[in-house]
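Quick look at query_2.csv (CSV, C-alpha atoms):
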```csv
chain,number,residue,atom,x,y,z
A,157,MET,CA,6.3,24.8,-20.5
A,158,GLN,CA,8.1,21.5,-19.7
A,159,LEU,CA,8.2,19.6,-16.4
A,160,ARG,CA,11.0,17.1,-15.7
A,161,PHE,CA,10.3,14.6,-12.9
A,162,LEU,CA,13.5,14.7,-11.0
A,163,GLY,CA,12.1,12.2,-8.5
A,164,THR,CA,8.7,10.5,-8.0
A,165,GLY,CA,9.2,8.5,-4.8
A,166,THR,CA,8.1,8.9,-1.2
A,167,SER,CA,10.4,9.6,1.7
A,168,THR,CA,12.1,6.2,1.6
A,169,GLY,CA,12.6,6.1,-2.1
A,170,VAL,CA,12.2,2.9,-4.2
A,171,PRO,CA,13.8,0.5,-3.7
A,172,SER,CA,13.3,0.9,0.1
A,173,ILE,CA,16.3,-0.1,2.3
A,174,GLY,CA,16.0,-3.6,3.5
A,175,CYS,CA,12.9,-4.5,1.5
A,176,ASN,CA,12.7,-7.6,-0.7
A,177,CYS,CA,9.2,-7.0,-2.1
A,178,ALA,CA,8.6,-7.4,-5.9
A,179,THR,CA,8.7,-3.7,-6.5
A,180,CYS,CA,12.0,-3.2,-4.6
A,181,ARG,CA,13.5,-6.2,-6.5
A,182,SER,CA,12.3,-5.0,-9.9
A,183,THR,CA,14.9,-4.4,-12.6
A,184,ASP,CA,12.5,-2.1,-14.5
A,185,PRO,CA,14.0,1.4,-14.2
A,186,ARG,CA,10.4,2.8,-14.1
A,187,ASP,CA,10.2,1.2,-10.6
A,188,HIS,CA,13.3,3.1,-9.3
A,189,ARG,CA,12.2,6.3,-7.5
A,190,LEU,CA,14.3,9.0,-5.9
A,191,ARG,CA,12.6,11.5,-3.5
A,192,ALA,CA,9.9,13.7,-5.1
A,193,SER,CA,11.1,16.8,-6.9
A,194,ALA,CA,10.5,18.5,-10.3
A,195,LEU,CA,12.1,21.0,-12.6
A,196,LEU,CA,9.8,23.4,-14.5
A,197,SER,CA,11.1,25.1,-17.6
A,198,ALA,CA,9.0,28.0,-19.0
A,199,GLY,CA,10.6,30.4,-21.4
A,200,ASP,CA,13.9,31.5,-19.9
A,201,ASN,CA,12.9,30.3,-16.4
A,202,ASN,CA,14.0,27.1,-14.7
A,203,ILE,CA,12.1,26.7,-11.4
A,204,LEU,CA,12.9,23.9,-9.0
A,205,ILE,CA,10.1,22.4,-6.9
A,206,ASP,CA,11.6,21.0,-3.7
A,207,ALA,CA,15.2,20.0,-3.1
A,208,GLY,CA,15.2,16.7,-1.3
A,209,PRO,CA,18.2,14.6,-0.3
A,210,ASP,CA,18.7,13.2,-3.8
A,211,PHE,CA,18.9,16.7,-5.4
A,212,ARG,CA,22.6,16.5,-6.3
A,213,GLN,CA,22.1,13.2,-8.1
A,214,GLN,CA,19.0,14.5,-9.8
A,215,ILE,CA,20.3,17.8,-11.1
A,216,LEU,CA,23.5,16.1,-12.4
A,217,ALA,CA,21.3,13.7,-14.3
A,218,ALA,CA,19.5,16.7,-15.8
A,219,ASP,CA,22.8,18.1,-17.0
A,220,SER,CA,23.0,20.8,-14.3
A,221,PRO,CA,20.9,23.5,-15.9
A,222,GLU,CA,20.8,27.1,-14.7
A,223,LEU,CA,18.2,27.6,-11.9
A,224,ASP,CA,16.3,30.8,-11.2
A,225,ALA,CA,14.5,29.9,-7.9
A,226,LEU,CA,13.2,27.1,-5.6
A,227,LEU,CA,9.6,26.6,-4.7
A,228,ILE,CA,9.1,24.7,-1.4
A,229,THR,CA,6.0,22.7,-0.7
A,230,HIS,CA,7.0,22.1,2.9
A,231,THR,CA,10.1,21.4,4.9
A,232,HIS,CA,9.9,17.7,5.7
A,233,TYR,CA,13.4,16.2,5.1
A,234,ASP,CA,12.5,14.4,1.9
A,235,HIS,CA,11.6,17.8,0.3
A,236,VAL,CA,14.4,20.0,1.6
A,237,GLY,CA,17.2,17.6,2.6
A,238,GLY,CA,19.4,18.6,-0.4
A,239,ILE,CA,19.1,22.4,0.1
A,240,ASP,CA,22.8,22.7,0.9
A,241,ASP,CA,23.6,21.4,-2.5
A,242,LEU,CA,22.2,24.5,-4.0
A,243,ARG,CA,25.4,26.3,-3.2
A,244,PRO,CA,26.7,26.3,-6.8
A,245,TYR,CA,23.6,28.3,-7.7
A,246,CYS,CA,24.3,30.8,-4.9
A,247,TYR,CA,27.2,32.6,-6.5
A,248,PRO,CA,27.7,35.5,-6.7
A,249,ASP,CA,24.5,37.0,-5.4
A,250,GLY,CA,22.6,34.2,-3.5
A,251,PHE,CA,19.6,32.1,-4.5
A,252,ASP,CA,15.9,32.9,-4.2
A,253,ILE,CA,13.6,30.5,-2.4
A,254,TYR,CA,9.9,30.8,-1.9
A,255,ALA,CA,7.9,29.3,0.9
A,256,GLN,CA,5.4,29.9,3.6
A,257,HIS,CA,6.5,31.9,6.7
A,258,ALA,CA,6.6,28.9,9.0
A,259,ASP,CA,8.7,27.0,6.5
A,260,ILE,CA,11.2,29.8,6.1
A,261,ASP,CA,11.5,29.9,9.9
A,262,ASP,CA,12.0,26.1,10.0
A,263,LEU,CA,14.8,26.4,7.4
A,264,ARG,CA,16.5,29.1,9.4
A,265,HIS,CA,16.6,26.6,12.2
A,266,LYS,CA,17.6,23.6,10.0
A,267,VAL,CA,20.3,25.4,8.0
A,268,PRO,CA,21.0,28.7,9.8
A,269,TYR,CA,24.3,29.2,8.0
A,270,CYS,CA,22.4,29.7,4.7
A,271,PHE,CA,20.8,32.8,6.2
A,272,ALA,CA,23.7,34.3,8.2
A,273,GLU,CA,24.2,38.0,8.0
A,274,HIS,CA,27.9,37.5,7.6
A,275,PRO,CA,28.2,34.0,5.9
A,276,TYR,CA,31.5,32.2,6.0
A,277,PRO,CA,33.3,31.9,2.7
A,278,GLY,CA,31.7,29.3,0.4
A,279,ALA,CA,28.5,28.9,2.4
A,280,PRO,CA,25.3,28.9,0.4
A,281,VAL,CA,23.4,32.1,0.7
A,282,LEU,CA,19.6,31.8,0.4
A,283,HIS,CA,17.3,34.8,-0.2
A,284,PRO,CA,13.9,33.9,1.4
A,285,HIS,CA,10.6,35.1,0.0
A,286,VAL,CA,7.5,34.6,2.0
A,287,ILE,CA,4.4,33.5,0.0
A,288,GLN,CA,0.8,32.8,1.1
A,289,PRO,CA,-1.9,30.4,-0.2
A,290,MET,CA,-4.1,31.7,-3.0
A,291,LYS,CA,-2.0,34.9,-3.3
A,292,PRO,CA,-0.2,34.9,-6.7
A,293,PHE,CA,3.3,36.1,-7.2
A,294,SER,CA,5.7,36.1,-10.1
A,295,ILE,CA,9.3,35.0,-10.9
A,296,ASN,CA,10.7,36.8,-13.9
A,297,GLY,CA,7.2,37.4,-15.2
A,298,LEU,CA,6.0,33.8,-14.6
A,299,GLU,CA,2.9,33.9,-12.5
A,300,ILE,CA,2.6,31.3,-9.8
A,301,LEU,CA,-0.4,30.6,-7.6
A,302,PRO,CA,0.3,28.8,-4.2
A,303,LEU,CA,-2.4,26.2,-3.5
A,304,PRO,CA,-3.4,25.4,0.1
A,305,ILE,CA,-3.1,21.7,0.9
A,306,LYS,CA,-3.4,19.7,4.1
A,307,HIS,CA,-0.7,17.1,4.8
A,308,TYR,CA,-2.4,15.5,7.8
A,309,MET,CA,-2.5,18.5,10.2
A,310,LEU,CA,0.2,20.4,8.4
A,311,ASP,CA,-0.6,23.3,6.1
A,312,ILE,CA,1.6,22.9,2.9
A,313,LEU,CA,1.5,24.2,-0.6
A,314,GLY,CA,0.9,23.0,-4.1
A,315,TYR,CA,1.5,25.2,-7.1
A,316,LYS,CA,-0.5,26.2,-10.1
A,317,ILE,CA,1.7,27.6,-12.9
A,318,GLY,CA,0.0,28.3,-16.2
A,319,ASN,CA,-1.9,25.2,-17.1
A,320,LEU,CA,0.0,22.9,-14.7
A,321,ALA,CA,-0.9,22.1,-11.1
A,322,TYR,CA,1.7,20.3,-9.0
A,323,ILE,CA,0.5,18.8,-5.7
A,324,THR,CA,2.4,16.4,-3.5
A,325,ASP,CA,2.0,15.0,0.0
A,326,ALA,CA,-1.7,15.9,0.1
A,327,LYS,CA,-4.2,14.3,2.4
A,328,VAL,CA,-7.0,16.8,2.0
A,329,ILE,CA,-7.3,19.2,-0.9
A,330,PRO,CA,-9.6,22.1,0.1
A,331,ASN,CA,-12.4,23.3,-2.1
A,332,ASP,CA,-10.5,26.6,-3.0
A,333,THR,CA,-7.7,24.5,-4.5
A,334,ILE,CA,-10.1,22.2,-6.3
A,335,ASN,CA,-11.9,25.2,-7.8
A,336,ALA,CA,-8.6,26.9,-8.8
A,337,ILE,CA,-7.4,23.8,-10.7
A,338,SER,CA,-10.7,22.6,-12.2
A,339,GLY,CA,-10.3,21.7,-15.8
A,340,ILE,CA,-6.6,22.3,-15.9
A,341,ASP,CA,-4.5,20.7,-18.6
A,342,THR,CA,-2.0,18.8,-16.5
A,343,LEU,CA,-2.3,17.7,-12.9
A,344,VAL,CA,0.5,16.1,-10.9
A,345,ILE,CA,-0.7,14.6,-7.7
A,346,ASN,CA,0.5,12.2,-5.1
A,347,ALA,CA,-0.7,8.6,-4.8
A,348,LEU,CA,1.3,6.8,-2.1
A,349,ARG,CA,-0.1,3.3,-2.1
A,350,HIS,CA,-3.4,1.3,-2.1
A,351,LYS,CA,-4.1,1.3,1.6
A,352,GLU,CA,-5.3,4.3,3.6
A,353,HIS,CA,-2.6,6.5,5.1
A,354,ILE,CA,-2.8,9.1,7.8
A,355,SER,CA,-1.1,11.9,5.9
A,356,HIS,CA,-1.2,11.0,2.2
A,357,ILE,CA,-4.0,10.2,-0.2
A,358,ASN,CA,-3.9,6.7,-1.7
A,359,LEU,CA,-4.5,5.6,-5.3
A,360,SER,CA,-8.3,5.4,-5.1
A,361,GLN,CA,-8.5,8.8,-3.4
A,362,ALA,CA,-6.1,10.3,-6.1
A,363,LEU,CA,-8.3,8.9,-8.8
A,364,GLU,CA,-11.4,10.4,-7.2
A,365,ILE,CA,-9.8,13.9,-7.1
A,366,ILE,CA,-8.7,13.5,-10.7
A,367,ALA,CA,-12.3,12.7,-11.7
A,368,VAL,CA,-13.5,15.9,-10.0
A,369,VAL,CA,-10.8,18.1,-11.4
A,370,LYS,CA,-11.1,16.7,-14.9
A,371,PRO,CA,-7.6,17.5,-16.2
A,372,ARG,CA,-6.7,16.5,-19.7
A,373,ILE,CA,-3.9,14.4,-18.2
A,374,ALA,CA,-2.8,13.5,-14.7
A,375,TYR,CA,0.5,12.1,-13.4
A,376,LEU,CA,0.9,10.2,-10.2
A,377,THR,CA,3.9,11.0,-8.0
A,378,HIS,CA,5.2,10.6,-4.4
A,379,ILE,CA,4.8,6.8,-4.8
A,380,SER,CA,5.9,4.1,-2.4
A,381,HIS,CA,6.9,0.5,-3.1
A,382,ASP,CA,3.5,-0.5,-1.8
A,383,LEU,CA,1.8,0.8,-4.8
A,384,GLY,CA,3.2,-2.0,-6.8
A,385,ARG,CA,5.2,-2.4,-10.0
A,386,TYR,CA,4.8,-0.1,-13.0
A,387,THR,CA,3.9,-2.9,-15.4
A,388,ASP,CA,1.1,-4.1,-13.0
A,389,ILE,CA,-0.5,-0.8,-12.1
A,390,ALA,CA,-0.2,1.3,-15.2
A,391,PRO,CA,-2.6,-0.8,-17.3
A,392,THR,CA,-5.3,-0.5,-14.6
A,393,LEU,CA,-5.5,3.3,-14.7
A,394,PRO,CA,-7.9,5.5,-16.7
A,395,ASP,CA,-6.6,6.6,-20.1
A,396,ASN,CA,-5.8,10.1,-18.9
A,397,VAL,CA,-3.8,9.0,-15.8
A,398,LYS,CA,-0.2,8.1,-16.0
A,399,ILE,CA,2.4,7.0,-13.5
A,400,ALA,CA,5.2,9.6,-13.4
A,401,VAL,CA,8.7,8.2,-14.0
A,402,ASP,CA,12.0,9.6,-12.7
A,403,GLY,CA,13.9,11.5,-15.4
A,404,THR,CA,11.1,11.9,-17.9
A,405,THR,CA,10.0,15.3,-19.2
A,406,ILE,CA,6.4,16.2,-20.1
A,407,THR,CA,5.2,19.2,-22.2
A,408,ILE,CA,2.3,21.3,-20.9
```
Conversion result in structure tokens:
Amino acid sequence: MQLRFLGTGTSTGVPSIGCNCATCRSTDPRDHRLRASALLSAGDNNILIDAGPDFRQQILAADSPELDALLITHTHYDHVGGIDDLRPYCYPDGFDIYAQHADIDDLRHKVPYCFAEHPYPGAPVLHPHVIQPMKPFSINGLEILPLPIKHYMLDILGYKIGNLAYITDAKVIPNDTINAISGIDTLVINALRHKEHISHINLSQALEIIAVVKPRIAYLTHISHDLGRYTDIAPTLPDNVKIAVDGTTITI
């Protein structure tokens, strides 16, 4: 399997509008972060994880590959704001999306025309599939385990696919999820900044979770400008912890 980091930033992206901090002024491309999203390639499957407002830019930079489905972690705008741009993938038979029941309902409210019984010509047509935490399902033979995650008071999903776990926007990771991913090869996990945050784990908390899970390698994502510049932070991390960079591809 391969995972391409389409975006590794938090909801504001980096640079953040109107900010003149050292990170936002950095000319190092490793400090430039679009909203968090990833593309998993496994065999003949290309699975998109989240489709935020930067999706069009991200998928063009990835050479517009074929897509088989979208996995949604939750429906905050920075994770689904680009869902309308899936329309090229909806022809001729529509496009499959997988999410929790509450998130499907929320999307029906946000983009009702994508779920219309009689869509107008040219509208994206989405086929919703309701999934539940800790109940595995498959896409073209690829088994996926939805992982329960707490994003402040919101129940969201991470995903375990083979020897990869992808977790973003976590504030609390329940024991069931920790047990399911313990000893995994590759862990992707959010690390917003250094200070405490109400709905996201910070860097020290992410490192504590990594130490418990003991992956071979971990990548930090959903990063804000407050974490600091890549060149300053990367050397301070344990050997098996890397900062994810937009546009890079890893092999699992």
Practice problem: Name the residues in contact with Asn202 in chain A at a cut-off of 12 Å, using only C-alpha atoms, excluding same-chain residues fewer than 6 positions from it; report them as a PyMOL selection string. | Solution: chain A and resi 157-160+194-196+215+218+220-227+245+295-296+298
Residue subset to file, keeping C-alpha atoms, as an mmCIF file, keeping the file's coordinate frame:
```cif
data_model
loop_
_atom_site.group_PDB
_atom_site.id
_atom_site.type_symbol
_atom_site.label_atom_id
_atom_site.label_comp_id
_atom_site.auth_asym_id
_atom_site.auth_seq_id
_atom_site.Cartn_x
_atom_site.Cartn_y
_atom_site.Cartn_z
ATOM 1 C CA MET A 157 6.300 24.800 -20.500
ATOM 2 C CA GLN A 158 8.100 21.500 -19.700
ATOM 3 C CA LEU A 159 8.200 19.600 -16.400
ATOM 4 C CA ARG A 160 11.000 17.100 -15.700
ATOM 5 C CA ALA A 194 10.500 18.500 -10.300
ATOM 6 C CA LEU A 195 12.100 21.000 -12.600
ATOM 7 C CA LEU A 196 9.800 23.400 -14.500
ATOM 8 C CA ILE A 215 20.300 17.800 -11.100
ATOM 9 C CA ALA A 218 19.500 16.700 -15.800
ATOM 10 C CA SER A 220 23.000 20.800 -14.300
ATOM 11 C CA PRO A 221 20.900 23.500 -15.900
ATOM 12 C CA GLU A 222 20.800 27.100 -14.700
ATOM 13 C CA LEU A 223 18.200 27.600 -11.900
ATOM 14 C CA ASP A 224 16.300 30.800 -11.200
ATOM 15 C CA ALA A 225 14.500 29.900 -7.900
ATOM 16 C CA LEU A 226 13.200 27.100 -5.600
ATOM 17 C CA LEU A 227 9.600 26.600 -4.700
ATOM 18 C CA TYR A 245 23.600 28.300 -7.700
ATOM 19 C CA ILE A 295 9.300 35.000 -10.900
ATOM 20 C CA ASN A 296 10.700 36.800 -13.900
ATOM 21 C CA LEU A 298 6.000 33.800 -14.600
#
```
Quiz item: Counting all atoms listed in the file, what is within 10 Å of Asp261 in chain A, bar same-chain residues fewer than 5 positions away, as a list in words?
Solution: Thr231, Ala255, Gln256, Lys266, Pro268 and Pro284 of chain A
Output file for the selection above: C-alpha atoms, as an mmCIF file, in the frame of the given file:
```cif
data_model
loop_
_atom_site.group_PDB
_atom_site.id
_atom_site.type_symbol
_atom_site.label_atom_id
_atom_site.label_comp_id
_atom_site.auth_asym_id
_atom_site.auth_seq_id
_atom_site.Cartn_x
_atom_site.Cartn_y
_atom_site.Cartn_z
ATOM 1 C CA THR A 231 10.100 21.400 4.900
ATOM 2 C CA ALA A 255 7.900 29.300 0.900
ATOM 3 C CA GLN A 256 5.400 29.900 3.600
ATOM 4 C CA LYS A 266 17.600 23.600 10.000
ATOM 5 C CA PRO A 268 21.000 28.700 9.800
ATOM 6 C CA PRO A 284 13.900 33.900 1.400
#
```
Could you give me, as a tab-separated table, a per-residue list for range 175-280 of chain A showing, wherever an atom lies at most 12 Å from an atom of range 369-377 of chain A, the closest pair of atoms and their distance in Å to one decimal, using all atoms listed in the file and sorting by chain then residue number from low to high?
```
residue	atom	partner	partner_atom	distance
A:Asp187	CA	A:Thr377	CA	11.9
A:Arg189	CA	A:Thr377	CA	9.6
A:Leu190	CA	A:Thr377	CA	10.8
A:Arg191	CA	A:Thr377	CA	9.8
A:Ala192	CA	A:Thr377	CA	7.2
A:Ser193	CA	A:Thr377	CA	9.3
A:Ala194	CA	A:Thr377	CA	10.3
```
Practice problem: May I have the protein, DNA and RNA residues with an atom at most 7 Å from (2.9, 2.9, -3.5), counting only C-alpha atoms in the file's coordinates, returned as number ranges by chain? | Solution: A: 347-350, 379-384
Let me know the centre plus edge lengths, in Å and rounded to one decimal, of a box with edges along x, y and z that contains all listed atoms of range 298-309 of chain A and is padded by 5 Å on every side, as AutoDock Vina command-line options.
```
--center_x 1.3 --center_y 24.7 --center_z -2.2 --size_x 19.4 --size_y 28.4 --size_z 34.8
```
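Restricting the calculation to only C-alpha atoms, the smallest distance between Ile366 in chain A and any of A:Ala258, A:Ile323, A:Ala217, A:Val286 is found for A:Ile323.
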Practice problem: Excluding Leu301 in chain A and any residue of its chain fewer than 5 positions from it, enumerate the residues within 7 Å of it, using only C-alpha atoms, and give them as a ChimeraX atom specification. | Solution: /A:290-293,315-317
Please produce a file of those selected residues containing C-alpha atoms, as a PDB file, in the coordinates of the input.
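So the final result, stored in part.pdb, reads:
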```pdb
ATOM      1  CA  MET A 290      -4.100  31.700  -3.000  1.00  0.00           C
ATOM      2  CA  LYS A 291      -2.000  34.900  -3.300  1.00  0.00           C
ATOM      3  CA  PRO A 292      -0.200  34.900  -6.700  1.00  0.00           C
ATOM      4  CA  PHE A 293       3.300  36.100  -7.200  1.00  0.00           C
ATOM      5  CA  TYR A 315       1.500  25.200  -7.100  1.00  0.00           C
ATOM      6  CA  LYS A 316      -0.500  26.200 -10.100  1.00  0.00           C
ATOM      7  CA  ILE A 317       1.700  27.600 -12.900  1.00  0.00           C
TER       8      ILE A 317
END
```
Quiz item: Which of these, A:Asp311, A:His353, A:Thr387, A:His283, has the shortest distance to Thr183 in chain A once you count only C-alpha atoms?
Solution: A:Thr387
Please identify all polymer residues lying at most 12 Å from the point (-4.6, 8.4, -6.8) (file coordinates), using all atoms listed in the file, and present the result as a PDB file with C-alpha atoms, in the frame of the given file.
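Saved result, out12.pdb, follows:
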```pdb
ATOM      1  CA  ILE A 323       0.500  18.800  -5.700  1.00  0.00           C
ATOM      2  CA  THR A 324       2.400  16.400  -3.500  1.00  0.00           C
ATOM      3  CA  ASP A 325       2.000  15.000   0.000  1.00  0.00           C
ATOM      4  CA  ALA A 326      -1.700  15.900   0.100  1.00  0.00           C
ATOM      5  CA  LYS A 327      -4.200  14.300   2.400  1.00  0.00           C
ATOM      6  CA  LEU A 343      -2.300  17.700 -12.900  1.00  0.00           C
ATOM      7  CA  VAL A 344       0.500  16.100 -10.900  1.00  0.00           C
ATOM      8  CA  ILE A 345      -0.700  14.600  -7.700  1.00  0.00           C
ATOM      9  CA  ASN A 346       0.500  12.200  -5.100  1.00  0.00           C
ATOM     10  CA  ALA A 347      -0.700   8.600  -4.800  1.00  0.00           C
ATOM     11  CA  LEU A 348       1.300   6.800  -2.100  1.00  0.00           C
ATOM     12  CA  ARG A 349      -0.100   3.300  -2.100  1.00  0.00           C
ATOM     13  CA  HIS A 350      -3.400   1.300  -2.100  1.00  0.00           C
ATOM     14  CA  LYS A 351      -4.100   1.300   1.600  1.00  0.00           C
ATOM     15  CA  GLU A 352      -5.300   4.300   3.600  1.00  0.00           C
ATOM     16  CA  HIS A 356      -1.200  11.000   2.200  1.00  0.00           C
ATOM     17  CA  ILE A 357      -4.000  10.200  -0.200  1.00  0.00           C
ATOM     18  CA  ASN A 358      -3.900   6.700  -1.700  1.00  0.00           C
ATOM     19  CA  LEU A 359      -4.500   5.600  -5.300  1.00  0.00           C
ATOM     20  CA  SER A 360      -8.300   5.400  -5.100  1.00  0.00           C
ATOM     21  CA  GLN A 361      -8.500   8.800  -3.400  1.00  0.00           C
ATOM     22  CA  ALA A 362      -6.100  10.300  -6.100  1.00  0.00           C
ATOM     23  CA  LEU A 363      -8.300   8.900  -8.800  1.00  0.00           C
ATOM     24  CA  GLU A 364     -11.400  10.400  -7.200  1.00  0.00           C
ATOM     25  CA  ILE A 365      -9.800  13.900  -7.100  1.00  0.00           C
ATOM     26  CA  ILE A 366      -8.700  13.500 -10.700  1.00  0.00           C
ATOM     27  CA  ALA A 367     -12.300  12.700 -11.700  1.00  0.00           C
ATOM     28  CA  ALA A 374      -2.800  13.500 -14.700  1.00  0.00           C
ATOM     29  CA  TYR A 375       0.500  12.100 -13.400  1.00  0.00           C
ATOM     30  CA  LEU A 376       0.900  10.200 -10.200  1.00  0.00           C
ATOM     31  CA  THR A 377       3.900  11.000  -8.000  1.00  0.00           C
ATOM     32  CA  HIS A 378       5.200  10.600  -4.400  1.00  0.00           C
ATOM     33  CA  ILE A 379       4.800   6.800  -4.800  1.00  0.00           C
ATOM     34  CA  LEU A 383       1.800   0.800  -4.800  1.00  0.00           C
ATOM     35  CA  ILE A 389      -0.500  -0.800 -12.100  1.00  0.00           C
ATOM     36  CA  ALA A 390      -0.200   1.300 -15.200  1.00  0.00           C
ATOM     37  CA  THR A 392      -5.300  -0.500 -14.600  1.00  0.00           C
ATOM     38  CA  LEU A 393      -5.500   3.300 -14.700  1.00  0.00           C
ATOM     39  CA  PRO A 394      -7.900   5.500 -16.700  1.00  0.00           C
ATOM     40  CA  VAL A 397      -3.800   9.000 -15.800  1.00  0.00           C
ATOM     41  CA  LYS A 398      -0.200   8.100 -16.000  1.00  0.00           C
ATOM     42  CA  ILE A 399       2.400   7.000 -13.500  1.00  0.00           C
ATOM     43  CA  ALA A 400       5.200   9.600 -13.400  1.00  0.00           C
TER      44      ALA A 400
END
```
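Nearest-residue note for Asp210 in chain A: choosing from A:Asp241, A:Asp341, A:Asp184, A:Asp262, the minimum distance belongs to A:Asp241, counting all atoms listed in the file.
Atom to atom, CA of Gly163 in chain A and CA of Val401 in chain A stand 7.6 Å apart.
Rounded to one decimal, CA of Ile253 in chain A and CA of Ile228 in chain A lie 7.4 Å from each other.
For the choices A:Asp252, A:Ile340, A:Ile203, A:Thr179, the atom-to-atom distance to Glu299 in chain A is smallest for A:Ile203 when using only C-alpha atoms.
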Quiz item: So what do you get for CA of Ile287 in chain A versus CA of His257 in chain A, distance-wise?
Solution: 7.2 Å
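Proximity ranking of A:Phe271, A:Tyr233, A:Tyr308, A:Tyr386 relative to Ser167 in chain A places A:Tyr233 first, based on all atoms listed in the file.
Comparing the minimum interatomic distances between Ser294 in chain A and each of A:Gly238, A:Asn201, A:Asp259, A:Arg243, counting only C-alpha atoms, we find that A:Asn201 sits nearest.
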Practice problem: Would you list the contacts of Ile312 in chain A as a PyMOL selection string, taking every protein, DNA or RNA residue within 6 Å and counting all atoms listed in the file, but skipping same-chain residues closer than 2 positions in sequence? | Solution: chain A and resi 229-230+305
Dump C-alpha atoms for the selected residues as a PDB file, in the frame of the given file?
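After the write, again-v1.pdb holds the following:
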```pdb
ATOM      1  CA  THR A 229       6.000  22.700  -0.700  1.00  0.00           C
ATOM      2  CA  HIS A 230       7.000  22.100   2.900  1.00  0.00           C
ATOM      3  CA  ILE A 305      -3.100  21.700   0.900  1.00  0.00           C
TER       4      ILE A 305
END
```
